[in-house]
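This is entry28.cif (mmCIF, C-alpha atoms and all ligand atoms).
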```
data_target
#
loop_
_atom_site.label_atom_id
_atom_site.label_comp_id
_atom_site.auth_asym_id
_atom_site.auth_seq_id
_atom_site.Cartn_x
_atom_site.Cartn_y
_atom_site.Cartn_z
CA MET O 718 -110.36 139.81 198.55
CA MET O 719 -110.76 141.76 195.30
CA LYS O 720 -107.73 141.76 193.01
CA ASN O 721 -108.05 145.48 192.32
CA ALA O 722 -109.09 147.94 195.00
CA VAL O 723 -109.56 150.67 192.39
CA GLU O 724 -110.44 150.45 188.70
CA CYS O 725 -110.51 153.52 186.44
CA ARG O 726 -111.91 153.24 182.92
CA THR O 727 -111.64 156.08 180.39
CA VAL O 728 -111.77 158.71 183.09
CA VAL O 729 -112.27 162.19 181.68
CA VAL O 730 -112.48 165.27 183.92
CA VAL O 731 -113.36 168.82 182.97
CA ARG O 732 -112.31 171.61 185.35
CA GLY O 733 -113.48 175.11 184.52
CA ALA O 734 -113.53 175.25 180.73
CA ARG O 735 -110.66 172.77 180.28
CA GLU O 736 -110.52 169.01 179.98
CA VAL O 737 -107.71 168.13 182.43
CA LEU O 738 -107.90 164.29 182.32
CA HIS O 739 -108.26 162.88 178.83
CA GLY O 740 -109.32 159.27 179.41
CA ILE O 741 -107.30 157.57 182.13
CA ASP O 742 -107.31 153.78 182.44
CA CYS O 743 -105.59 152.25 185.46
CA ASN O 744 -106.02 149.79 188.32
CA LEU O 745 -104.67 149.81 191.87
CA ALA O 746 -103.94 146.26 193.01
CA THR O 747 -105.13 145.44 196.52
CA GLY O 748 -102.27 145.48 199.03
CA SER O 749 -99.89 147.47 196.84
CA VAL O 750 -98.20 150.87 196.96
CA THR O 751 -98.69 152.76 193.70
CA GLY O 752 -96.82 155.98 193.00
CA LEU O 753 -98.58 158.69 191.01
CA LEU O 754 -95.88 160.79 189.45
CA GLY O 755 -95.73 163.65 187.03
CA PRO O 756 -95.00 167.35 186.73
CA SER O 757 -96.97 170.05 188.50
CA GLY O 758 -100.36 170.59 186.89
CA CYS O 759 -100.44 167.26 185.01
CA GLY O 760 -103.61 166.13 186.81
CA LYS O 761 -102.45 164.02 189.77
CA THR O 762 -104.70 165.72 192.32
CA THR O 763 -107.62 165.62 189.89
CA LEU O 764 -107.25 161.85 189.43
CA ILE O 765 -106.95 161.43 193.20
CA ARG O 766 -110.12 163.48 193.74
CA ALA O 767 -111.94 161.35 191.17
CA ILE O 768 -110.90 158.18 193.04
CA VAL O 769 -111.94 159.47 196.45
CA GLY O 770 -115.21 160.71 194.94
CA LEU O 771 -114.74 164.44 195.45
CA GLN O 772 -114.30 165.56 191.86
CA ALA O 773 -117.15 167.04 189.84
CA LYS O 774 -117.60 166.49 186.09
CA VAL O 775 -116.07 163.01 185.95
CA THR O 776 -117.08 160.79 183.05
CA GLY O 777 -115.98 157.23 182.45
CA GLU O 778 -115.94 154.84 185.36
CA VAL O 779 -114.18 154.92 188.72
CA GLN O 780 -114.84 151.91 190.95
CA VAL O 781 -113.51 151.53 194.48
CA PHE O 782 -113.94 148.10 196.09
CA GLY O 783 -116.49 147.37 193.36
CA LEU O 784 -118.59 150.45 194.19
CA PRO O 785 -118.84 153.74 192.29
CA ALA O 786 -116.36 156.31 193.64
CA GLY O 787 -118.04 158.57 196.18
CA ALA O 788 -120.59 155.91 197.27
CA ALA O 789 -121.70 156.44 200.87
CA LYS O 790 -120.66 152.88 201.76
CA LEU O 791 -117.05 153.77 200.96
CA ARG O 792 -116.89 156.35 203.74
CA GLY O 793 -114.68 155.02 206.50
CA ARG O 794 -112.95 152.64 204.09
CA ILE O 795 -110.85 155.42 202.52
CA GLY O 796 -108.26 157.68 204.13
CA TYR O 797 -107.37 160.78 202.12
CA VAL O 798 -104.64 163.26 202.89
CA THR O 799 -104.69 166.46 200.83
CA GLN O 800 -101.71 168.70 200.21
CA GLU O 801 -103.10 171.18 202.75
CA PRO O 802 -102.97 170.14 206.43
CA SER O 803 -106.46 169.14 207.52
CA VAL O 804 -105.97 169.44 211.27
CA TYR O 805 -107.04 172.30 213.55
CA GLY O 806 -104.29 174.71 214.57
CA ASP O 807 -105.80 175.60 217.94
CA LEU O 808 -106.03 171.98 219.12
CA THR O 809 -103.22 169.68 220.17
CA VAL O 810 -102.29 166.65 218.08
CA THR O 811 -104.11 164.33 220.48
CA GLU O 812 -107.18 166.59 220.69
CA ASN O 813 -107.38 166.72 216.89
CA LEU O 814 -107.16 162.96 216.58
CA ARG O 815 -109.71 162.34 219.36
CA PHE O 816 -112.05 164.70 217.54
CA PHE O 817 -111.61 162.94 214.18
CA ALA O 818 -111.91 159.52 215.84
CA ALA O 819 -115.26 160.61 217.31
CA VAL O 820 -116.46 161.96 213.95
CA LEU O 821 -115.43 158.74 212.20
CA GLY O 822 -116.82 156.51 214.95
CA VAL O 823 -113.37 155.05 215.56
CA ASP O 824 -112.42 153.74 219.01
CA PRO O 825 -110.43 156.46 220.88
CA SER O 826 -107.77 153.87 221.72
CA ASP O 827 -106.68 154.10 218.06
CA VAL O 828 -105.39 157.65 218.65
CA ASP O 829 -102.15 156.61 220.37
CA ARG O 830 -101.42 154.03 217.66
CA VAL O 831 -101.66 156.52 214.79
CA ILE O 832 -99.60 159.13 216.68
CA GLU O 833 -96.82 156.56 217.11
CA ALA O 834 -97.17 155.43 213.48
CA VAL O 835 -96.25 158.91 212.23
CA ASP O 836 -93.62 159.40 214.96
CA LEU O 837 -95.33 162.32 216.69
CA GLY O 838 -95.30 160.79 220.18
CA SER O 839 -93.06 163.54 221.54
CA HIS O 840 -95.44 166.20 220.20
CA ALA O 841 -98.75 164.62 221.14
CA THR O 842 -99.62 167.44 223.53
CA ALA O 843 -98.36 170.28 221.31
CA ARG O 844 -100.83 172.61 219.61
CA VAL O 845 -100.81 172.00 215.87
CA ASP O 846 -100.13 175.68 215.08
CA GLN O 847 -96.88 175.35 217.00
CA LEU O 848 -95.64 172.42 214.91
CA SER O 849 -93.35 172.56 211.89
CA GLY O 850 -94.86 172.11 208.42
CA GLY O 851 -93.64 168.52 208.22
CA GLN O 852 -95.03 167.72 211.68
CA ARG O 853 -98.38 169.25 210.71
CA SER O 854 -98.59 167.12 207.58
CA ARG O 855 -97.76 164.04 209.65
CA ALA O 856 -100.62 164.97 212.00
CA SER O 857 -102.93 165.04 208.94
CA LEU O 858 -101.59 161.65 207.89
CA ALA O 859 -102.26 160.30 211.39
CA ALA O 860 -105.89 161.43 211.06
CA ALA O 861 -106.18 159.52 207.77
CA LEU O 862 -104.82 156.36 209.42
CA LEU O 863 -107.57 156.30 212.09
CA GLY O 864 -109.66 153.16 211.84
CA ASN O 865 -107.22 151.40 209.47
CA PRO O 866 -108.79 152.41 206.14
CA GLU O 867 -108.43 149.85 203.36
CA LEU O 868 -107.53 152.49 200.76
CA LEU O 869 -105.14 155.31 201.61
CA VAL O 870 -104.77 158.12 199.12
CA LEU O 871 -101.94 160.47 199.94
CA ASP O 872 -101.29 163.64 197.95
CA GLU O 873 -97.60 164.50 198.26
CA PRO O 874 -97.25 163.22 201.85
CA THR O 875 -93.48 163.59 202.03
CA VAL O 876 -93.11 167.23 200.91
CA GLY O 877 -90.89 169.14 203.32
CA LEU O 878 -89.74 166.06 205.23
CA ASP O 879 -86.10 165.20 205.84
CA PRO O 880 -84.64 161.99 204.37
CA VAL O 881 -84.92 160.01 207.61
CA LEU O 882 -88.60 160.83 208.05
CA ARG O 883 -89.29 160.16 204.39
CA ARG O 884 -87.68 156.74 204.70
CA ASP O 885 -89.68 156.01 207.86
CA LEU O 886 -92.93 157.04 206.20
CA TRP O 887 -92.23 154.85 203.16
CA ASP O 888 -91.52 151.96 205.55
CA LEU O 889 -94.89 152.68 207.17
CA PHE O 890 -96.63 152.70 203.77
CA HIS O 891 -95.19 149.28 202.96
CA ARG O 892 -96.11 147.90 206.39
CA LEU O 893 -99.70 149.02 205.82
CA ALA O 894 -99.71 147.44 202.35
CA ALA O 895 -98.33 144.19 203.78
CA GLU O 896 -101.30 144.21 206.17
CA GLY O 897 -103.60 144.44 203.13
CA ALA O 898 -104.13 148.18 202.63
CA THR O 899 -103.92 149.71 199.17
CA LEU O 900 -101.98 152.95 198.87
CA LEU O 901 -101.85 155.60 196.17
CA VAL O 902 -99.09 158.11 196.85
CA SER O 903 -98.53 161.13 194.63
CA SER O 904 -95.20 162.83 194.35
CA HIS O 905 -93.29 164.97 191.96
CA VAL O 906 -90.03 163.77 193.48
CA MET O 907 -88.87 161.12 191.06
CA ASP O 908 -86.46 159.52 193.51
CA GLU O 909 -89.44 158.26 195.52
CA ALA O 910 -90.53 156.21 192.50
CA SER O 911 -88.22 153.32 193.27
CA ARG O 912 -90.02 152.83 196.59
CA CYS O 913 -93.30 151.97 194.88
CA ASP O 914 -94.58 148.55 193.75
CA ARG O 915 -96.04 150.18 190.69
CA LEU O 916 -95.85 153.57 189.01
CA LEU O 917 -98.35 155.68 187.15
CA LEU O 918 -96.54 158.35 185.19
CA MET O 919 -98.75 161.25 184.11
CA ARG O 920 -98.26 164.13 181.76
CA ASP O 921 -100.76 166.74 180.59
CA GLY O 922 -103.81 164.74 181.69
CA ASP O 923 -102.68 161.46 180.10
CA LEU O 924 -101.07 158.34 181.53
CA LEU O 925 -97.62 157.94 179.98
CA ALA O 926 -96.84 154.66 181.72
CA ASP O 927 -98.30 152.16 184.18
CA ASP O 928 -95.67 149.63 185.19
CA THR O 929 -93.26 148.48 187.88
CA PRO O 930 -90.24 150.74 188.47
CA ASP O 931 -87.88 148.02 187.17
CA ALA O 932 -89.88 147.43 184.00
CA LEU O 933 -90.05 151.16 183.33
CA LEU O 934 -86.31 151.56 183.72
CA ALA O 935 -85.64 148.53 181.53
CA ALA O 936 -88.00 149.79 178.81
CA ALA O 937 -86.27 153.18 178.81
CA GLY O 938 -82.78 151.62 178.99
CA THR O 939 -81.72 153.65 182.02
CA THR O 940 -81.22 153.31 185.77
CA ASP O 941 -82.61 156.75 186.52
CA ILE O 942 -86.38 157.18 186.81
CA GLU O 943 -86.24 160.86 185.86
CA GLN O 944 -84.37 159.92 182.68
CA ALA O 945 -86.90 157.14 182.02
CA PHE O 946 -89.70 159.69 182.28
CA LEU O 947 -87.97 162.00 179.78
CA THR O 948 -87.29 159.10 177.40
CA LEU O 949 -90.97 158.15 177.50
CA ILE O 950 -91.98 161.74 176.73
CA ASP O 951 -89.55 161.90 173.80
CA ARG O 952 -90.78 158.58 172.42
CA LYS O 953 -94.37 159.71 172.67
CA ALA O 954 -93.53 162.99 170.90
CA GLY O 955 -91.65 161.01 168.21
CA ALA O 956 -94.63 158.71 167.72
CA ARG O 957 -96.97 161.60 166.96
N1 LIG L 1 -110.61 174.68 190.12
C1 LIG L 1 -110.03 174.56 188.92
N2 LIG L 1 -110.58 175.11 187.81
C2 LIG L 1 -110.01 174.98 186.61
N3 LIG L 1 -108.86 174.31 186.40
C3 LIG L 1 -108.27 173.75 187.46
C4 LIG L 1 -108.82 173.83 188.77
N4 LIG L 1 -108.00 173.16 189.61
C5 LIG L 1 -106.99 172.69 188.86
N5 LIG L 1 -107.16 173.04 187.57
C6 LIG L 1 -106.26 172.68 186.46
O1 LIG L 1 -106.29 171.29 186.30
C7 LIG L 1 -105.01 170.80 185.92
C8 LIG L 1 -104.61 169.64 186.80
O2 LIG L 1 -104.43 170.12 188.14
P1 LIG L 1 -104.01 169.16 189.33
O3 LIG L 1 -104.14 169.94 190.60
O4 LIG L 1 -104.76 167.90 189.19
O5 LIG L 1 -102.47 168.91 188.98
P2 LIG L 1 -101.33 168.21 189.87
O6 LIG L 1 -100.63 167.28 188.93
O7 LIG L 1 -101.90 167.65 191.11
O8 LIG L 1 -100.37 169.43 190.19
P3 LIG L 1 -99.42 169.73 191.49
O9 LIG L 1 -98.33 168.68 191.44
O10 LIG L 1 -98.90 171.10 191.19
O11 LIG L 1 -100.30 169.66 192.68
C9 LIG L 1 -104.05 172.00 185.98
O12 LIG L 1 -103.78 172.42 184.68
C10 LIG L 1 -104.83 173.03 186.76
O13 LIG L 1 -104.52 174.32 186.29
#
```

Take the structure in the file and write it out as C-alpha cells.
Ligand SMILES: Nc1ncnc2c1ncn2[C@@H]1O[C@H](COP(=O)(O)OP(=O)(O)OP(=O)(O)O)[C@@H](O)[C@H]1O
Amino acid sequence: MMKNAVECRTVVVVRGAREVLHGIDCNLATGSVTGLLGPSGCGKTTLIRAIVGLQAKVTGEVQVFGLPAGAAKLRGRIGYVTQEPSVYGDLTVTENLRFFAAVLGVDPSDVDRVIEAVDLGSHATARVDQLSGGQRSRASLAAALLGNPELLVLDEPTVGLDPVLRRDLWDLFHRLAAEGATLLVSSHVMDEASRCDRLLLMRDGDLLADDTPDALLAAAGTTDIEQAFLTLIDRKAGAR
C-alpha cells in the first residue's frame, strides 16, 4: 500500500485571468481523513478539482495513487461529491443509484449498501426532487460510495445537515478510512476540524497549515480551531 494516496507539489492554478492557487504542497496519507478548511473563495474547490483531475490550467504536479491526476486508470478509484447534488430529480433514490452503478460497472447489489450507509433506507423509493436538501446531498454521497472507491473527495458534504446526521456521516467517513479509504473533506465549518486526522488550512490560494488538529491548537496556544486559524493568519501577516 502506498504511504500517500495523493501528492501535490507546487500546484498553481489559473482561473480566468487570476492565479487562484499559488503553489500548494501537500500529501494525503492513505487511510486517513483530511479536512480542507478555509474561508469562502480561498481555493478549496479548485484544489479538489485539481486532485480529481477536472481542473484546467494546473501546473506543478498532482499524483493520485502514483498516477497523474485525471489519468484514465484512476476512474472508478475516486469518488467525488460536488457541492451541487449530482442525482436526477425525476428518478427515485434507488433508480438513481442503479443507474450510476450500471454506468460505473458496479454490481447492482451495492445499491442497498450505499443507501443504508447514508441512512436513506426510508426514502429509497422517493423521487429525489421530493427530498430535502440534506437528503439530496446524501443521495449524491451514496452515488460516490458505489464500488468502494479508494479515494473519496467530498466538497462540503455536511452543509445543511442537522448535528445527528453530521455526526453519523463523520462516523461513516472514519469507518471508510479504517477500511483503507482516503478521504478529503472540505468544510468552512471550523468545528468539524476536530473530527479530522489531519487539517489543511487554506487562505487566499495558499496553504496556511498542514498538521493534526492537536498540533495546530498547540502551536496557536488555544483550544479553539477558529482562534487557531486567526492566530496563524495574524502570525503570517506579522511575518511579512
Ligand atoms: N470559473 C472561474 N473563473 C474565474 N475565477 C474563478 C472561477 N471559479 C472560481 N473562481 C475563483 O477562484 C477562487 C477560488 O474559488 P474556489 O471555488 O476554489 O473557492 P472555495 O474555497 O471552494 O470557496 P467556497 O467555500 O465558497 O466554495 C475564487 O476567488 C473564485 O472567485

Next on the checklist: For a quick check of understanding, using only C-alpha atoms and all ligand atoms, which of O:Ala789, O:Gly838, O:Asp872, O:Ala898 has the smallest distance to ligand LIG 1 (chain L)?
Outcome noted: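 Checking each of O:Ala789, O:Gly838, O:Asp872, O:Ala898 against ligand LIG 1 (chain L), counting only C-alpha atoms and all ligand atoms, the winner is O:Asp872.
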
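Nearest to Gly752 of chain O of all the residues O:Ile765, O:Val820, O:Ala788, O:Leu889 is O:Ile765, based on only C-alpha atoms.
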
With a cut-off of 12 Å, could you pull out the residues of segment 724-760 of chain O touching segment 937-955 of chain O and give me the nearest pair of atoms for each, distance in Å to one decimal, using only C-alpha atoms, ordered by chain and ascending number, as a tab-separated table?
```
residue	atom	partner	partner_atom	distance
O:Leu754	CA	O:Phe946	CA	9.5
O:Gly755	CA	O:Phe946	CA	8.6
O:Pro756	CA	O:Phe946	CA	10.3
```

Next on the checklist: Would you pick out the contacts of Leu862 of chain O at 8 Å or less, using all atoms listed in the file, so that residues sharing its chain but fewer than 4 positions from it are not included, and give the list as a PyMOL selection string?
Outcome noted: chain O and resi 796+831+858+866+869

Next on the checklist: Can you pull out every residue with an atom within 9 Å of ligand LIG 1 (chain L)? Use all atoms listed in the file and format it as a PyMOL selection string.
Outcome noted: chain O and resi 730-738+754-766+800+872-873+903-905+919-922

Put those residues in a file: C-alpha atoms, as a short mmCIF file (atom, residue, chain, number, x, y, z; two decimals), in the coordinates of the input.
```cif
data_model
loop_
_atom_site.label_atom_id
_atom_site.label_comp_id
_atom_site.auth_asym_id
_atom_site.auth_seq_id
_atom_site.Cartn_x
_atom_site.Cartn_y
_atom_site.Cartn_z
CA VAL O 730 -112.48 165.27 183.92
CA VAL O 731 -113.36 168.82 182.97
CA ARG O 732 -112.31 171.61 185.35
CA GLY O 733 -113.48 175.11 184.52
CA ALA O 734 -113.53 175.25 180.73
CA ARG O 735 -110.66 172.77 180.28
CA GLU O 736 -110.52 169.01 179.98
CA VAL O 737 -107.71 168.13 182.43
CA LEU O 738 -107.90 164.29 182.32
CA LEU O 754 -95.88 160.79 189.45
CA GLY O 755 -95.73 163.65 187.03
CA PRO O 756 -95.00 167.35 186.73
CA SER O 757 -96.97 170.05 188.50
CA GLY O 758 -100.36 170.59 186.89
CA CYS O 759 -100.44 167.26 185.01
CA GLY O 760 -103.61 166.13 186.81
CA LYS O 761 -102.45 164.02 189.77
CA THR O 762 -104.70 165.72 192.32
CA THR O 763 -107.62 165.62 189.89
CA LEU O 764 -107.25 161.85 189.43
CA ILE O 765 -106.95 161.43 193.20
CA ARG O 766 -110.12 163.48 193.74
CA GLN O 800 -101.71 168.70 200.21
CA ASP O 872 -101.29 163.64 197.95
CA GLU O 873 -97.60 164.50 198.26
CA SER O 903 -98.53 161.13 194.63
CA SER O 904 -95.20 162.83 194.35
CA HIS O 905 -93.29 164.97 191.96
CA MET O 919 -98.75 161.25 184.11
CA ARG O 920 -98.26 164.13 181.76
CA ASP O 921 -100.76 166.74 180.59
CA GLY O 922 -103.81 164.74 181.69
#
```

Once you add 5 Å to each side, what are the centre and edge lengths of the axis-aligned box holding all listed atoms of segment 876-881 of chain O? One decimal in Å, as lines of an AutoDock Vina configuration file, if you can.
```
center_x = -88.9
center_y = 164.6
center_z = 204.3
size_x = 18.5
size_y = 19.1
size_z = 16.7
```

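The interatomic distance for the pair atom CA of Met719 of chain O and atom CA of Ala786 of chain O works out to 15.7 Å.
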
Item to check | Expected answer as a list in words: all residues with atoms within 10 Å of (-109.1, 164.4, 218.6), all atoms listed in the file | outcome: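 Those residues, ordered by chain and then number, are Val804, Tyr805, Leu808, Thr809, Val810, Thr811, Glu812, Asn813, Leu814, Arg815, Phe816, Phe817, Ala818, Ala819, Val820, Pro825, Val828 and Ala860 of chain O.
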
Saved selection, atoms kept: C-alpha atoms, as a compact mmCIF listing (two decimals), in the frame of the given file:
```txt
# COMPACT_ATOMS: atom_id res chain seq x y z
CA VAL O 804 -105.97 169.44 211.27
CA TYR O 805 -107.04 172.30 213.55
CA LEU O 808 -106.03 171.98 219.12
CA THR O 809 -103.22 169.68 220.17
CA VAL O 810 -102.29 166.65 218.08
CA THR O 811 -104.11 164.33 220.48
CA GLU O 812 -107.18 166.59 220.69
CA ASN O 813 -107.38 166.72 216.89
CA LEU O 814 -107.16 162.96 216.58
CA ARG O 815 -109.71 162.34 219.36
CA PHE O 816 -112.05 164.70 217.54
CA PHE O 817 -111.61 162.94 214.18
CA ALA O 818 -111.91 159.52 215.84
CA ALA O 819 -115.26 160.61 217.31
CA VAL O 820 -116.46 161.96 213.95
CA PRO O 825 -110.43 156.46 220.88
CA VAL O 828 -105.39 157.65 218.65
CA ALA O 860 -105.89 161.43 211.06
```

Next on the checklist: Please report the interatomic distance between atom CA of Arg830 of chain O and atom CA of Glu867 of chain O in Å with one decimal.
Outcome noted: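 Taking atom CA of Arg830 of chain O as the start and atom CA of Glu867 of chain O as the end point, the length is 16.5 Å.
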
Next on the checklist: What does the structure give for the distance between atom CA of Val823 of chain O and atom CA of Leu863 of chain O, in Å to one decimal?
Outcome noted: 6.9 Å

Item to check | Using only C-alpha atoms: which of O:Leu753, O:Pro880, O:Ile795, O:Asp885 has the shortest distance to Ala834 of chain O | outcome: O:Asp885

Could you add N, CA and C atoms to segment 814-835 of chain O and give me the result as a PDB file, keeping the file's coordinate frame?
```pdb
ATOM      1  N   LEU O 814    -106.920 164.353 216.958  1.00  0.00           N
ATOM      2  CA  LEU O 814    -107.160 162.960 216.580  1.00  0.00           C
ATOM      3  C   LEU O 814    -108.343 162.374 217.351  1.00  0.00           C
ATOM      4  N   ARG O 815    -108.520 162.812 218.610  1.00  0.00           N
ATOM      5  CA  ARG O 815    -109.710 162.340 219.360  1.00  0.00           C
ATOM      6  C   ARG O 815    -110.976 162.852 218.695  1.00  0.00           C
ATOM      7  N   PHE O 816    -110.891 164.114 218.227  1.00  0.00           N
ATOM      8  CA  PHE O 816    -112.050 164.700 217.540  1.00  0.00           C
ATOM      9  C   PHE O 816    -112.378 163.902 216.283  1.00  0.00           C
ATOM     10  N   PHE O 817    -111.351 163.665 215.438  1.00  0.00           N
ATOM     11  CA  PHE O 817    -111.610 162.940 214.180  1.00  0.00           C
ATOM     12  C   PHE O 817    -112.057 161.504 214.456  1.00  0.00           C
ATOM     13  N   ALA O 818    -111.484 160.893 215.503  1.00  0.00           N
ATOM     14  CA  ALA O 818    -111.910 159.520 215.840  1.00  0.00           C
ATOM     15  C   ALA O 818    -113.399 159.518 216.174  1.00  0.00           C
ATOM     16  N   ALA O 819    -113.837 160.542 216.933  1.00  0.00           N
ATOM     17  CA  ALA O 819    -115.260 160.610 217.310  1.00  0.00           C
ATOM     18  C   ALA O 819    -116.128 160.805 216.074  1.00  0.00           C
ATOM     19  N   VAL O 820    -115.687 161.705 215.168  1.00  0.00           N
ATOM     20  CA  VAL O 820    -116.460 161.960 213.950  1.00  0.00           C
ATOM     21  C   VAL O 820    -116.574 160.682 213.112  1.00  0.00           C
ATOM     22  N   LEU O 821    -115.467 159.940 213.044  1.00  0.00           N
ATOM     23  CA  LEU O 821    -115.430 158.740 212.200  1.00  0.00           C
ATOM     24  C   LEU O 821    -116.045 157.519 212.894  1.00  0.00           C
ATOM     25  N   GLY O 822    -116.309 157.657 214.200  1.00  0.00           N
ATOM     26  CA  GLY O 822    -116.820 156.510 214.950  1.00  0.00           C
ATOM     27  C   GLY O 822    -115.746 155.467 215.222  1.00  0.00           C
ATOM     28  N   VAL O 823    -114.502 155.954 215.313  1.00  0.00           N
ATOM     29  CA  VAL O 823    -113.370 155.050 215.560  1.00  0.00           C
ATOM     30  C   VAL O 823    -113.091 155.030 217.066  1.00  0.00           C
ATOM     31  N   ASP O 824    -112.714 153.865 217.581  1.00  0.00           N
ATOM     32  CA  ASP O 824    -112.420 153.740 219.010  1.00  0.00           C
ATOM     33  C   ASP O 824    -111.287 154.701 219.396  1.00  0.00           C
ATOM     34  N   PRO O 825    -111.472 155.483 220.489  1.00  0.00           N
ATOM     35  CA  PRO O 825    -110.430 156.460 220.880  1.00  0.00           C
ATOM     36  C   PRO O 825    -109.073 155.820 221.155  1.00  0.00           C
ATOM     37  N   SER O 826    -109.062 154.528 221.431  1.00  0.00           N
ATOM     38  CA  SER O 826    -107.770 153.870 221.720  1.00  0.00           C
ATOM     39  C   SER O 826    -106.884 153.827 220.471  1.00  0.00           C
ATOM     40  N   ASP O 827    -107.468 154.105 219.302  1.00  0.00           N
ATOM     41  CA  ASP O 827    -106.680 154.100 218.060  1.00  0.00           C
ATOM     42  C   ASP O 827    -105.787 155.335 217.957  1.00  0.00           C
ATOM     43  N   VAL O 828    -106.114 156.384 218.762  1.00  0.00           N
ATOM     44  CA  VAL O 828    -105.390 157.650 218.650  1.00  0.00           C
ATOM     45  C   VAL O 828    -103.895 157.474 218.935  1.00  0.00           C
ATOM     46  N   ASP O 829    -103.570 156.785 220.014  1.00  0.00           N
ATOM     47  CA  ASP O 829    -102.150 156.610 220.370  1.00  0.00           C
ATOM     48  C   ASP O 829    -101.406 155.839 219.283  1.00  0.00           C
ATOM     49  N   ARG O 830    -102.060 154.841 218.717  1.00  0.00           N
ATOM     50  CA  ARG O 830    -101.420 154.030 217.660  1.00  0.00           C
ATOM     51  C   ARG O 830    -101.026 154.893 216.462  1.00  0.00           C
ATOM     52  N   VAL O 831    -101.973 155.739 216.004  1.00  0.00           N
ATOM     53  CA  VAL O 831    -101.660 156.520 214.790  1.00  0.00           C
ATOM     54  C   VAL O 831    -100.625 157.610 215.082  1.00  0.00           C
ATOM     55  N   ILE O 832    -100.614 158.129 216.321  1.00  0.00           N
ATOM     56  CA  ILE O 832     -99.600 159.130 216.680  1.00  0.00           C
ATOM     57  C   ILE O 832     -98.208 158.484 216.630  1.00  0.00           C
ATOM     58  N   GLU O 833     -98.100 157.270 217.158  1.00  0.00           N
ATOM     59  CA  GLU O 833     -96.820 156.560 217.110  1.00  0.00           C
ATOM     60  C   GLU O 833     -96.441 156.227 215.670  1.00  0.00           C
ATOM     61  N   ALA O 834     -97.444 155.846 214.866  1.00  0.00           N
ATOM     62  CA  ALA O 834     -97.170 155.430 213.480  1.00  0.00           C
ATOM     63  C   ALA O 834     -96.494 156.540 212.688  1.00  0.00           C
ATOM     64  N   VAL O 835     -96.854 157.799 212.973  1.00  0.00           N
ATOM     65  CA  VAL O 835     -96.250 158.910 212.230  1.00  0.00           C
ATOM     66  C   VAL O 835     -95.134 159.599 213.042  1.00  0.00           C
TER      67      VAL O 835
END
```
